[in-house]
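**Q** mmCIF, C-alpha atoms, file model_0.cif:
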```
data_run
#
loop_
_atom_site.group_PDB
_atom_site.id
_atom_site.type_symbol
_atom_site.label_atom_id
_atom_site.label_comp_id
_atom_site.auth_asym_id
_atom_site.auth_seq_id
_atom_site.Cartn_x
_atom_site.Cartn_y
_atom_site.Cartn_z
ATOM 1 C CA MET A 1 23.867 10.782 -5.022
ATOM 2 C CA SER A 2 27.618 10.966 -4.420
ATOM 3 C CA GLY A 3 27.117 13.019 -1.256
ATOM 4 C CA LEU A 4 24.511 10.775 0.329
ATOM 5 C CA ASN A 5 26.984 8.862 2.468
ATOM 6 C CA ARG A 6 27.705 12.155 4.232
ATOM 7 C CA GLU A 7 24.019 12.919 4.799
ATOM 8 C CA VAL A 8 21.805 9.996 5.780
ATOM 9 C CA SER A 9 22.132 6.303 6.576
ATOM 10 C CA ILE A 10 19.488 3.583 6.397
ATOM 11 C CA GLU A 11 19.402 0.189 8.045
ATOM 12 C CA PHE A 12 17.075 -2.778 7.513
ATOM 13 C CA GLU A 13 16.906 -6.547 7.916
ATOM 14 C CA THR A 14 16.544 -8.957 4.993
ATOM 15 C CA PRO A 15 15.534 -12.646 4.881
ATOM 16 C CA ASP A 16 18.415 -15.037 4.313
ATOM 17 C CA VAL A 17 17.208 -15.874 0.778
ATOM 18 C CA PHE A 18 18.648 -12.509 -0.304
ATOM 19 C CA HIS A 19 22.380 -12.528 -1.062
ATOM 20 C CA GLU A 20 23.939 -9.067 -0.885
ATOM 21 C CA LEU A 21 26.112 -7.690 -3.678
ATOM 22 C CA PRO A 22 29.332 -6.145 -2.294
ATOM 23 C CA LEU A 23 28.790 -2.603 -3.573
ATOM 24 C CA HIS A 24 30.973 -0.579 -1.231
ATOM 25 C CA LEU A 25 33.966 -2.780 -0.482
ATOM 26 C CA PRO A 26 37.585 -1.762 -1.121
ATOM 27 C CA ALA A 27 39.002 -3.071 -4.397
ATOM 28 C CA GLU A 28 41.482 -5.370 -2.623
ATOM 29 C CA VAL A 29 38.698 -7.478 -1.050
ATOM 30 C CA LEU A 30 36.012 -7.137 -3.743
ATOM 31 C CA ASP A 31 37.076 -10.182 -5.778
ATOM 32 C CA ALA A 32 36.919 -12.470 -2.747
ATOM 33 C CA ALA A 33 33.460 -11.160 -1.819
ATOM 34 C CA LEU A 34 32.176 -11.713 -5.359
ATOM 35 C CA TRP A 35 33.532 -15.250 -5.359
ATOM 36 C CA GLU A 36 31.790 -15.907 -2.023
ATOM 37 C CA LEU A 37 28.532 -14.655 -3.550
ATOM 38 C CA ALA A 38 29.004 -16.918 -6.581
ATOM 39 C CA GLU A 39 29.501 -19.900 -4.269
ATOM 40 C CA LYS A 40 26.218 -19.090 -2.504
ATOM 41 C CA ILE A 41 24.402 -18.916 -5.843
ATOM 42 C CA TRP A 42 26.035 -22.111 -7.187
ATOM 43 C CA PRO A 43 26.733 -24.289 -4.113
ATOM 44 C CA ALA A 44 26.685 -27.437 -6.270
ATOM 45 C CA GLY A 45 27.748 -25.740 -9.495
ATOM 46 C CA THR A 46 30.899 -25.876 -11.556
ATOM 47 C CA GLU A 47 33.955 -23.650 -11.358
ATOM 48 C CA PHE A 48 32.963 -22.186 -14.730
ATOM 49 C CA GLN A 49 29.520 -21.243 -13.416
ATOM 50 C CA ARG A 50 30.987 -19.556 -10.368
ATOM 51 C CA GLU A 51 33.680 -17.747 -12.347
ATOM 52 C CA THR A 52 31.143 -16.476 -14.888
ATOM 53 C CA THR A 53 28.757 -15.346 -12.144
ATOM 54 C CA ALA A 54 31.541 -13.499 -10.308
ATOM 55 C CA LEU A 55 32.512 -11.673 -13.513
ATOM 56 C CA VAL A 56 28.907 -10.717 -14.295
ATOM 57 C CA TYR A 57 28.341 -9.335 -10.814
ATOM 58 C CA ALA A 58 31.647 -7.472 -10.871
ATOM 59 C CA ASP A 59 30.358 -5.471 -13.836
ATOM 60 C CA LEU A 60 26.952 -5.101 -12.200
ATOM 61 C CA THR A 61 28.377 -3.686 -8.964
ATOM 62 C CA ASP A 62 30.190 -0.993 -10.944
ATOM 63 C CA THR A 63 26.986 -0.091 -12.801
ATOM 64 C CA LEU A 64 24.861 0.028 -9.658
ATOM 65 C CA MET A 65 27.336 2.178 -7.754
ATOM 66 C CA ALA A 66 27.607 4.597 -10.674
ATOM 67 C CA ASP A 67 23.793 4.826 -10.608
ATOM 68 C CA GLY A 68 23.769 5.768 -6.915
ATOM 69 C CA VAL A 69 22.409 2.470 -5.589
ATOM 70 C CA MET A 70 23.222 2.029 -1.904
ATOM 71 C CA TYR A 71 22.303 -1.666 -1.526
ATOM 72 C CA ALA A 72 21.595 -4.541 -3.916
ATOM 73 C CA SER A 73 20.951 -8.242 -3.476
ATOM 74 C CA LEU A 74 19.797 -11.320 -5.350
ATOM 75 C CA GLY A 75 16.854 -13.274 -3.948
ATOM 76 C CA LEU A 76 17.139 -16.977 -4.662
ATOM 77 C CA PHE A 77 15.053 -19.833 -3.256
ATOM 78 C CA GLU A 78 13.460 -23.136 -4.215
ATOM 79 C CA THR A 79 9.673 -23.392 -4.308
ATOM 80 C CA GLU A 80 7.648 -26.315 -2.990
ATOM 81 C CA ASP A 81 7.464 -27.877 -6.469
ATOM 82 C CA GLY A 82 11.261 -27.760 -6.865
ATOM 83 C CA GLU A 83 11.467 -24.721 -9.131
ATOM 84 C CA VAL A 84 14.063 -22.004 -8.490
ATOM 85 C CA THR A 85 12.730 -18.456 -8.280
ATOM 86 C CA THR A 86 14.778 -15.261 -8.333
ATOM 87 C CA ALA A 87 14.351 -11.572 -7.586
ATOM 88 C CA ASN A 88 16.533 -8.488 -7.543
ATOM 89 C CA LEU A 89 16.322 -6.056 -4.638
ATOM 90 C CA ILE A 90 17.938 -2.625 -4.617
ATOM 91 C CA ALA A 91 17.765 0.339 -2.246
ATOM 92 C CA ARG A 92 18.555 3.967 -2.892
ATOM 93 C CA VAL A 93 17.948 7.278 -1.151
ATOM 94 C CA GLU A 94 16.670 10.295 -3.076
ATOM 95 C CA SER A 95 16.475 13.933 -2.040
ATOM 96 C CA VAL A 96 13.008 15.478 -1.629
ATOM 97 C CA ASP A 97 11.586 18.715 -0.283
ATOM 98 C CA GLU A 98 11.928 18.952 3.473
ATOM 99 C CA GLU A 99 8.308 18.232 4.283
ATOM 100 C CA GLU A 100 6.652 16.083 6.955
ATOM 101 C CA PRO A 101 6.780 12.344 6.091
ATOM 102 C CA ALA A 102 2.992 12.232 5.662
ATOM 103 C CA VAL A 103 3.160 15.088 3.144
ATOM 104 C CA VAL A 104 5.987 13.416 1.225
ATOM 105 C CA ALA A 105 4.100 10.086 1.156
ATOM 106 C CA ALA A 106 0.925 11.757 -0.115
ATOM 107 C CA SER A 107 2.894 13.555 -2.828
ATOM 108 C CA VAL A 108 4.620 10.347 -3.956
ATOM 109 C CA GLN A 109 1.307 8.465 -4.018
ATOM 110 C CA GLU A 110 -0.336 11.179 -6.101
ATOM 111 C CA GLU A 111 2.550 11.289 -8.595
ATOM 112 C CA LEU A 112 2.713 7.502 -9.026
ATOM 113 C CA ALA A 113 -1.060 7.184 -9.369
ATOM 114 C CA LEU A 114 -0.911 9.390 -12.474
ATOM 115 C CA GLN A 115 1.260 6.807 -14.245
ATOM 116 C CA GLU A 116 -0.549 4.196 -16.319
ATOM 117 C CA HIS A 117 -0.702 0.565 -15.254
ATOM 118 C CA ARG A 118 0.434 1.180 -11.682
ATOM 119 C CA ASP A 119 -1.364 -0.063 -8.589
ATOM 120 C CA VAL A 120 -0.494 2.310 -5.743
ATOM 121 C CA HIS A 121 -1.309 2.073 -2.021
ATOM 122 C CA GLN A 122 -0.316 4.011 1.083
ATOM 123 C CA VAL A 123 0.844 1.812 3.960
ATOM 124 C CA ASP A 124 1.862 2.466 7.540
ATOM 125 C CA LEU A 125 5.253 1.265 8.756
ATOM 126 C CA PRO A 126 6.820 1.565 12.218
ATOM 127 C CA CYS A 127 8.995 4.410 10.884
ATOM 128 C CA GLY A 128 5.969 6.248 9.438
ATOM 129 C CA PRO A 129 3.781 6.441 6.308
ATOM 130 C CA ALA A 130 5.015 4.848 3.078
ATOM 131 C CA VAL A 131 3.781 4.075 -0.433
ATOM 132 C CA LEU A 132 3.660 0.635 -2.068
ATOM 133 C CA SER A 133 3.567 0.488 -5.870
ATOM 134 C CA PHE A 134 3.059 -2.423 -8.308
ATOM 135 C CA HIS A 135 3.622 -2.551 -12.057
ATOM 136 C CA SER A 136 5.024 -4.868 -14.702
ATOM 137 C CA THR A 137 7.272 -4.565 -17.730
ATOM 138 C CA GLU A 138 8.072 -6.834 -20.657
ATOM 139 C CA ILE A 139 11.372 -7.291 -22.463
ATOM 140 C CA ASP A 140 10.846 -8.118 -26.125
ATOM 141 C CA GLY A 141 12.524 -11.264 -27.372
ATOM 142 C CA ASP A 142 13.969 -12.015 -30.778
ATOM 143 C CA SER A 143 13.667 -14.904 -33.204
ATOM 144 C CA ALA A 144 15.437 -17.229 -30.772
ATOM 145 C CA LEU A 145 14.096 -16.022 -27.427
ATOM 146 C CA SER A 146 10.567 -15.311 -26.281
ATOM 147 C CA SER A 147 9.689 -12.093 -24.459
ATOM 148 C CA LEU A 148 10.157 -12.004 -20.684
ATOM 149 C CA ALA A 149 7.840 -10.221 -18.253
ATOM 150 C CA PHE A 150 8.882 -8.820 -14.882
ATOM 151 C CA ALA A 151 6.800 -7.792 -11.885
ATOM 152 C CA HIS A 152 8.058 -4.725 -10.005
ATOM 153 C CA VAL A 153 7.217 -3.839 -6.410
ATOM 154 C CA GLU A 154 8.492 -0.556 -4.985
ATOM 155 C CA LEU A 155 8.313 0.736 -1.440
ATOM 156 C CA TYR A 156 8.778 4.498 -0.982
ATOM 157 C CA VAL A 157 9.571 5.455 2.605
ATOM 158 C CA PRO A 158 9.926 9.131 3.603
ATOM 159 C CA SER A 159 12.749 9.689 6.051
ATOM 160 C CA SER A 160 12.410 10.941 9.585
ATOM 161 C CA VAL A 161 15.555 12.907 8.651
ATOM 162 C CA PRO A 162 13.982 15.761 6.637
ATOM 163 C CA GLY A 163 14.759 15.922 2.938
ATOM 164 C CA TRP A 164 15.215 12.252 2.083
ATOM 165 C CA LEU A 165 13.180 9.390 0.632
ATOM 166 C CA ALA A 166 14.233 5.721 0.716
ATOM 167 C CA VAL A 167 13.166 3.623 -2.273
ATOM 168 C CA LEU A 168 13.257 -0.176 -2.064
ATOM 169 C CA SER A 169 12.696 -1.807 -5.461
ATOM 170 C CA LEU A 170 12.113 -5.515 -6.048
ATOM 171 C CA SER A 171 11.745 -7.079 -9.492
ATOM 172 C CA THR A 172 11.096 -10.717 -10.387
ATOM 173 C CA PRO A 173 10.037 -12.807 -13.381
ATOM 174 C CA SER A 174 8.330 -15.214 -10.931
ATOM 175 C CA PHE A 175 4.761 -13.907 -10.910
ATOM 176 C CA ALA A 176 3.518 -16.989 -9.069
ATOM 177 C CA GLU A 177 5.766 -16.167 -6.117
ATOM 178 C CA LEU A 178 4.974 -12.434 -6.130
ATOM 179 C CA PRO A 179 2.796 -12.543 -2.964
ATOM 180 C CA ARG A 180 5.710 -14.090 -1.071
ATOM 181 C CA TYR A 181 8.100 -11.407 -2.326
ATOM 182 C CA VAL A 182 5.635 -8.641 -1.491
ATOM 183 C CA GLY A 183 5.362 -9.999 2.044
ATOM 184 C CA TRP A 184 9.137 -10.033 2.391
ATOM 185 C CA LEU A 185 9.443 -6.481 1.072
ATOM 186 C CA ARG A 186 6.816 -5.307 3.549
ATOM 187 C CA LYS A 187 8.714 -6.987 6.404
ATOM 188 C CA ILE A 188 11.966 -5.380 5.234
ATOM 189 C CA GLY A 189 10.215 -2.012 5.278
ATOM 190 C CA GLU A 190 9.004 -2.648 8.819
ATOM 191 C CA THR A 191 12.630 -2.895 9.984
ATOM 192 C CA LEU A 192 13.807 0.210 8.132
ATOM 193 C CA THR A 193 15.373 2.990 10.190
ATOM 194 C CA PHE A 194 17.017 6.285 9.247
ATOM 195 C CA ARG A 195 19.912 8.066 10.908
ATOM 196 C CA LEU A 196 22.243 10.876 10.068
ATOM 197 C CA ALA A 197 25.267 9.298 8.405
ATOM 198 C CA ALA A 198 27.626 11.065 10.827
ATOM 199 C CA GLN A 199 25.810 9.358 13.707
ATOM 200 C CA ALA A 200 26.144 5.969 12.003
ATOM 201 C CA GLU A 201 29.874 6.527 11.497
ATOM 202 C CA GLU A 202 30.372 7.213 15.195
ATOM 203 C CA GLU A 203 28.735 3.895 16.104
ATOM 204 C CA SER A 204 30.376 1.719 13.431
ATOM 205 C CA PRO A 205 34.119 1.187 12.853
ATOM 206 C CA THR A 206 33.402 0.521 9.147
ATOM 207 C CA PRO A 207 30.579 2.904 8.180
ATOM 208 C CA THR A 208 28.392 2.146 5.186
ATOM 209 C CA ASP A 209 25.404 3.781 3.533
ATOM 210 C CA VAL A 210 23.231 0.737 4.202
ATOM 211 C CA ARG A 211 23.719 -1.900 6.838
ATOM 212 C CA SER A 212 21.640 -5.013 6.200
ATOM 213 C CA VAL A 213 21.255 -7.746 8.816
ATOM 214 C CA PHE A 214 20.643 -11.247 7.471
ATOM 215 C CA GLY A 215 18.410 -13.399 9.623
#
```
Let me see whether you can do it: turn the structure in this file into structure tokens.
**A**
Amino acid sequence: MSGLNREVSIEFETPDVFHELPLHLPAEVLDAALWELAEKIWPAGTEFQRETTALVYADLTDTLMADGVMYASLGLFETEDGEVTTANLIARVESVDEEEPAVVAASVQEELALQEHRDVHQVDLPCGPAVLSFHSTEIDGDSALSSLAFAHVELYVPSSVPGWLAVLSLSTPSFAELPRYVGWLRKIGETLTFRLAAQAEEESPTPTDVRSVFG
């Protein structure tokens, strides 16, 4: 994954309920960006809450970058009944055989369908065929905490640049709000575009692997 920023670039738009983690910023401005994120998460919170959140996400950004993640954000919004719901969204690009997008999508769908407890569908996006996958996991609790279940929605989008596959992964413990999150992920996928990273660098004074437009 370390060479991806020299190969392919992806761009997409996200709803404004998603707050981006500053994965690829220089060290000298990272702390300020993390503090800004903490203020968005805790607009009416305490200094302790914001400081703790900034520290947690500082560690998380290091972990995600080491894992080859190109984009990550936290979804946070209030439901109609006043409850707060959250979701994590990450994007990565993986190398695949240089086949036509339709062939790559069919291969991904077949492979995922063999896994137990997955619901897999092929969908059509403006950029071409894609695969939408649903499954859930459960984290066991201990004597003090109950177990926690998460819903996972993944969108696999073969690139128009041969040899690459974009994977958008959303996870949330808010099963009641899952249809809303699925709709948002589908809309994000509809805005997804691929370009050679060298082309993106020529058009942007500060090139990044993923450019996300909040709107």
**Q** Compile a residue-level contact table for range 71-108 of chain A against range 12-27 of chain A at a cut-off of 9 Å, reporting for every qualifying residue the shortest atom pair and its distance in Å to one decimal, with all atoms listed in the file counted, rows ordered by chain and ascending number, as a tab-separated table.
**A**
```
residue	atom	partner	partner_atom	distance
A:Tyr71	CA	A:Leu23	CA	6.9
A:Ala72	CA	A:Leu21	CA	5.5
A:Ser73	CA	A:Glu20	CA	4.0
A:Leu74	CA	A:His19	CA	5.1
A:Gly75	CA	A:Phe18	CA	4.1
A:Leu76	CA	A:Val17	CA	5.6
A:Phe77	CA	A:Val17	CA	6.0
A:Ala87	CA	A:Phe18	CA	8.5
A:Asn88	CA	A:Phe18	CA	8.5
A:Leu89	CA	A:Phe18	CA	8.1
```
**Q** Using all atoms of range 100-108 of chain A that appear in the file, construct an axis-aligned enclosing box with 8 Å of padding on every side and provide its centre coordinates and edge lengths in Å, rounded to one decimal, as lines of an AutoDock Vina configuration file.
**A**
```
center_x = 3.9
center_y = 13.1
center_z = 1.5
size_x = 21.9
size_y = 22.0
size_z = 26.9
```
**Q** From the set A:Leu37, A:Ala44, A:Leu132, A:Leu178, which residue has the shortest atom-to-atom contact distance to Ala58 in chain A, counting all atoms listed in the file?
**A**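 Using all atoms listed in the file, Ala58 in chain A sits closest to A:Leu37.
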**Q** Kindly give the distance, in Å, that separates CA of Ser9 in chain A and CA of Leu155 in chain A, rounded to a single decimal.
**A** 16.9 Å
**Q** In terms of the shortest atom-to-atom distance over only C-alpha atoms, which of A:Ala105, A:Phe194, A:Pro173, A:Leu185 is closest to Ser147 in chain A?
**A** A:Pro173
**Q** Record the distance separating CA of Leu125 in chain A and CA of Met65 in chain A, expressed in Å with one decimal.
**A**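 These atoms are spaced 27.6 Å apart.
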**Q** Figure out the distance between CA of Glu94 in chain A and CA of Leu55 in chain A, please, to one decimal in Å.
**A**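 Atom-to-atom, CA of Leu55 in chain A and CA of Glu94 in chain A are spaced 29.0 Å apart.
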**Q** Could you expand the PyMOL selection byres ((chain A and resi 116) around 12) into the explicit residues it covers here, written as a ChimeraX atom specification?
**A** /A:111-115,117-120,133-137
**Q** Applying 8 Å and all atoms listed in the file, which residues near Val93 in chain A remain after dropping the ones on its own chain fewer than 2 positions away? List them as a PyMOL selection string.
**A** chain A and resi 1+4+69-70+91+95+164-167
**Q** What's around Glu98 in chain A at 12 Å? Count only C-alpha atoms, leave out sequence neighbours fewer than 2 positions away in its own chain, and write the answer as a list in words.
**A** Glu94, Ser95, Val96, Glu100, Pro101, Ala102, Val103, Val104, Pro158, Ser159, Ser160, Val161, Pro162, Gly163, Trp164 and Leu165 of chain A
**Q** Please save C-alpha atoms of the selected residues as a PDB file, in the frame of the given file.
**A**
```pdb
ATOM      1  CA  GLU A  94      16.670  10.295  -3.076  1.00  0.00           C
ATOM      2  CA  SER A  95      16.475  13.933  -2.040  1.00  0.00           C
ATOM      3  CA  VAL A  96      13.008  15.478  -1.629  1.00  0.00           C
ATOM      4  CA  GLU A 100       6.652  16.083   6.955  1.00  0.00           C
ATOM      5  CA  PRO A 101       6.780  12.344   6.091  1.00  0.00           C
ATOM      6  CA  ALA A 102       2.992  12.232   5.662  1.00  0.00           C
ATOM      7  CA  VAL A 103       3.160  15.088   3.144  1.00  0.00           C
ATOM      8  CA  VAL A 104       5.987  13.416   1.225  1.00  0.00           C
ATOM      9  CA  PRO A 158       9.926   9.131   3.603  1.00  0.00           C
ATOM     10  CA  SER A 159      12.749   9.689   6.051  1.00  0.00           C
ATOM     11  CA  SER A 160      12.410  10.941   9.585  1.00  0.00           C
ATOM     12  CA  VAL A 161      15.555  12.907   8.651  1.00  0.00           C
ATOM     13  CA  PRO A 162      13.982  15.761   6.637  1.00  0.00           C
ATOM     14  CA  GLY A 163      14.759  15.922   2.938  1.00  0.00           C
ATOM     15  CA  TRP A 164      15.215  12.252   2.083  1.00  0.00           C
ATOM     16  CA  LEU A 165      13.180   9.390   0.632  1.00  0.00           C
TER      17      LEU A 165
END
```
**Q** Using all atoms listed in the file, can you tell me which of A:Lys187, A:Lys40, A:His121, A:Arg180 comes closest to Val108 in chain A?
**A**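 Checking each of A:Lys187, A:Lys40, A:His121, A:Arg180 against Val108 in chain A, counting all atoms listed in the file, the winner is A:His121.
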**Q** Would you pick out the contacts of Glu36 in chain A at 12 Å or less, using only C-alpha atoms, so that residues sharing its chain but fewer than 3 positions from it are not included, and give the list as a list in words?
**A**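 With the cut-off at 12 Å, the set is His19, Glu20, Leu21, Pro22, Val29, Leu30, Asp31, Ala32, Ala33, Glu39, Lys40, Ile41, Trp42, Pro43, Arg50, Glu51, Thr53, Ala54 and Tyr57 of chain A.
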**Q** Could you save those same residues with C-alpha atoms as a PDB file, keeping the file's coordinate frame?
**A**
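File written: result.pdb
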```pdb
ATOM      1  CA  HIS A  19      22.380 -12.528  -1.062  1.00  0.00           C
ATOM      2  CA  GLU A  20      23.939  -9.067  -0.885  1.00  0.00           C
ATOM      3  CA  LEU A  21      26.112  -7.690  -3.678  1.00  0.00           C
ATOM      4  CA  PRO A  22      29.332  -6.145  -2.294  1.00  0.00           C
ATOM      5  CA  VAL A  29      38.698  -7.478  -1.050  1.00  0.00           C
ATOM      6  CA  LEU A  30      36.012  -7.137  -3.743  1.00  0.00           C
ATOM      7  CA  ASP A  31      37.076 -10.182  -5.778  1.00  0.00           C
ATOM      8  CA  ALA A  32      36.919 -12.470  -2.747  1.00  0.00           C
ATOM      9  CA  ALA A  33      33.460 -11.160  -1.819  1.00  0.00           C
ATOM     10  CA  GLU A  39      29.501 -19.900  -4.269  1.00  0.00           C
ATOM     11  CA  LYS A  40      26.218 -19.090  -2.504  1.00  0.00           C
ATOM     12  CA  ILE A  41      24.402 -18.916  -5.843  1.00  0.00           C
ATOM     13  CA  TRP A  42      26.035 -22.111  -7.187  1.00  0.00           C
ATOM     14  CA  PRO A  43      26.733 -24.289  -4.113  1.00  0.00           C
ATOM     15  CA  ARG A  50      30.987 -19.556 -10.368  1.00  0.00           C
ATOM     16  CA  GLU A  51      33.680 -17.747 -12.347  1.00  0.00           C
ATOM     17  CA  THR A  53      28.757 -15.346 -12.144  1.00  0.00           C
ATOM     18  CA  ALA A  54      31.541 -13.499 -10.308  1.00  0.00           C
ATOM     19  CA  TYR A  57      28.341  -9.335 -10.814  1.00  0.00           C
TER      20      TYR A  57
END
```
